[in-house]
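Only one structure is covered here, and it is reproduced in the block below.
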Amino acid sequence: MSRISPVLDRLDQNLDQSLERLFGLLGIKSISTDPAFATDCRTAADWLVGELRLIGFDASVRDTPGHPMVVAHHEGPAGAPHVLFYGHYDVQPVDPIELWESDPFAPSIKEIEPGRRVITGRGSADDKGQLMTFVEACRAWKQVHGNLPCRVTILFEGEEESGSPSLKPFLEANAAELKADFALVCDTSMWDRETPSICVSLRGMVGEEVTVKAASRDLHSGLYGGPAANPIRILARILADIHDQNGRVTIPGFYDGVEETPSQVLKSWEGLGETAETFLGPVGLSIPAGEKGRSVLELTWARPAAEFNGIIGGYTGKGFKTVIAAEASAKVSFRLVHKQDPKKIRAAFQAFVRERIPGDCSVEFHPHGGSPAIQLSYDSPFLAKAKDALSDEWEKQALSIGGGGSIPVVGDFQTYLGMESLLVGFGLDDDRIHSPNEKYELTSFHKGQRSWARILDALTR
């Protein structure tokens with residue numbers, strides 16, 4: 001018998017008890033953004049420390065200027081990998097409370113259709129249910145074998161839902177203690193109910209607000225229309241110049257560091273059946289607007305983008321006012337991939353705009369953050385082992401997918417700890433995270449535990 005088989009059996013036997021433990025955590029109102037629940041956040045941290053100590057971890061609550069962190073360590077066999085597991089115990093507010101079908105902090109099991117049972121309650125999917133899948137996997141390993149197959153450090157945060165203000169200083173101050181061979185992050189989703197996935201890339205971002213200024217005041221368009229520079233027209237022309245007729249960004253140097261996605265990865269994405277119609281149809285669109293010749297999944301997972309998020313200028317109230325505005329502004333964001341440098345992208349954009357400003361006009365820039373993309377090597381041995389482990393547990397082969405958005409903690413691990421991350425989660429698109437009636441599939445909770453047990457086994461072989 002393999003060493004993993006009795007661990008999986010124990011997880012099956014422990015399911016009811018693991019649900020009781022999860023319900024205990026879900027009942028704690030750890031809403032990080034509301035100061036009224038600060039005591040509840042500490043209660044959740046204390047609860048987790050207690051559970052981790054029962055398993056044999058050296059666990060403690062670590063104070064920060066905000067809500068506390070939970071840090072725990074467990075030794076492993078000599079020569080085995082060292083992993084850092086990350087999750088967060090804080091949750092979103094429950095408003096509007098009247099839309100909940102039951103008390104958000106009184107979790108229960110509900111059958112939403114024949115044979116499909118879910119765990120209800122705030123935090124069930126984001127992220128308490130997810131982090132407890134790993135804790136339960138560790139518990140079963142200890143119960144069966146008396147130890148863990150590798151060295152494990154756990155970091156549970158209490159401010160993820162309120163912007164993580166304490167995370168970066170904490171990582172920087174405790175880098176030597178927290179650094180591991182790689183990180184495991186559970187705050188993600190599956191492709192669908194039968195298909196697990198590992199997110200191997202996250203796009204970075206550069207945000208910039210640009211303001212074009214012309215005359216010293218707003219002008220009457222009848223008196224000045226024609227000879228006077230119009231900032232709205234100038235700005236609109238600049239924004240239009242950023243893309244060519246094929247959807248490519250024209251800013252010089254924009255594609256520096258952008259690599260082509262391996263053909264075998266593109267082929268696997270093609271097999272998912274996602275089309276422009278299925279992707280855009282639910283939002284009332286059907287024709288892709290990005291780079292021509294690329295699928296919607298490649299565009300969102302592996303290609304950079306320049307988008308305009310807001311444009312302001314002149315009179316925008318009700319009715320009509322014939323005015324030439326003194327200034328016009330736009331909010332522009334760039335989603336980055338691979339090795340694109342946020343600082344170089346920002347500088348290139350600013351130079352692009354300045355070159356197009358008329359001599360008697362001026363421009364100002366107001367940066368709004370910037371972070372590089374995250375890209376795990378497609379041939380990483382850790383990735384291959386984790387995919388095989390997930391594929392052994394679920395009905396379909398695990399996928400390597402990308403993420404169009406950003407998960408800041410992954411970038412922070414790379415910046416402050418020098419670690420790559422495996423993003424493995426068992427949430428679903430319809431889990432209603434951040435919304436009323438949040439739920440987590442019972443299958444996700446159960447098979448998520450088994451999946452982590454398999455991954456810990458696979459990573460140490």
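Labels used: A, B, ... for chains in the order of the structure tokens, numbers from 1 for residues in each chain, and numbers from 1 for ligands as shown.
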### Message
List as an MDAnalysis selection string the protein and nucleic acid residues near Thr133 of chain A, meaning an atom at most 6 Å away when only C-alpha atoms are counted, but skip any in the same chain fewer than 2 places from it.
### Response
chainID A and resid 130:131 135:136 448:449
### Task
Mind the document's chain letters and residue numbers, and return as an MDAnalysis selection string the residues of segment 110-250 of chain A that DSSP labels strand (DSSP E or B).
chainID A and resid 110:113 116:120 151:157 182:185 189 192 195 197:202 204:213 219:220 243 249
### Message
Counting only C-alpha atoms, which residue out of A:Leu202, A:Ala302, A:Ala140, A:Val323 sits closest to Tyr224 of chain A?
### Response
A:Val323
### Query
Taking only C-alpha atoms into account, which of A:Asp341, A:Glu159, A:Glu274, A:Asp360 comes nearest Trp191 of chain A?
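Ranking A:Asp341, A:Glu159, A:Glu274, A:Asp360 by distance to Trp191 of chain A, first place goes to A:Glu274.
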### Message
Which residues are close to Val212 of chain A, i.e. within 6 Å by only C-alpha atoms, leaving aside same-chain residues fewer than 5 positions away? Reply as a PyMOL selection string.
### Response
chain A and resi 231+327-328+362-363
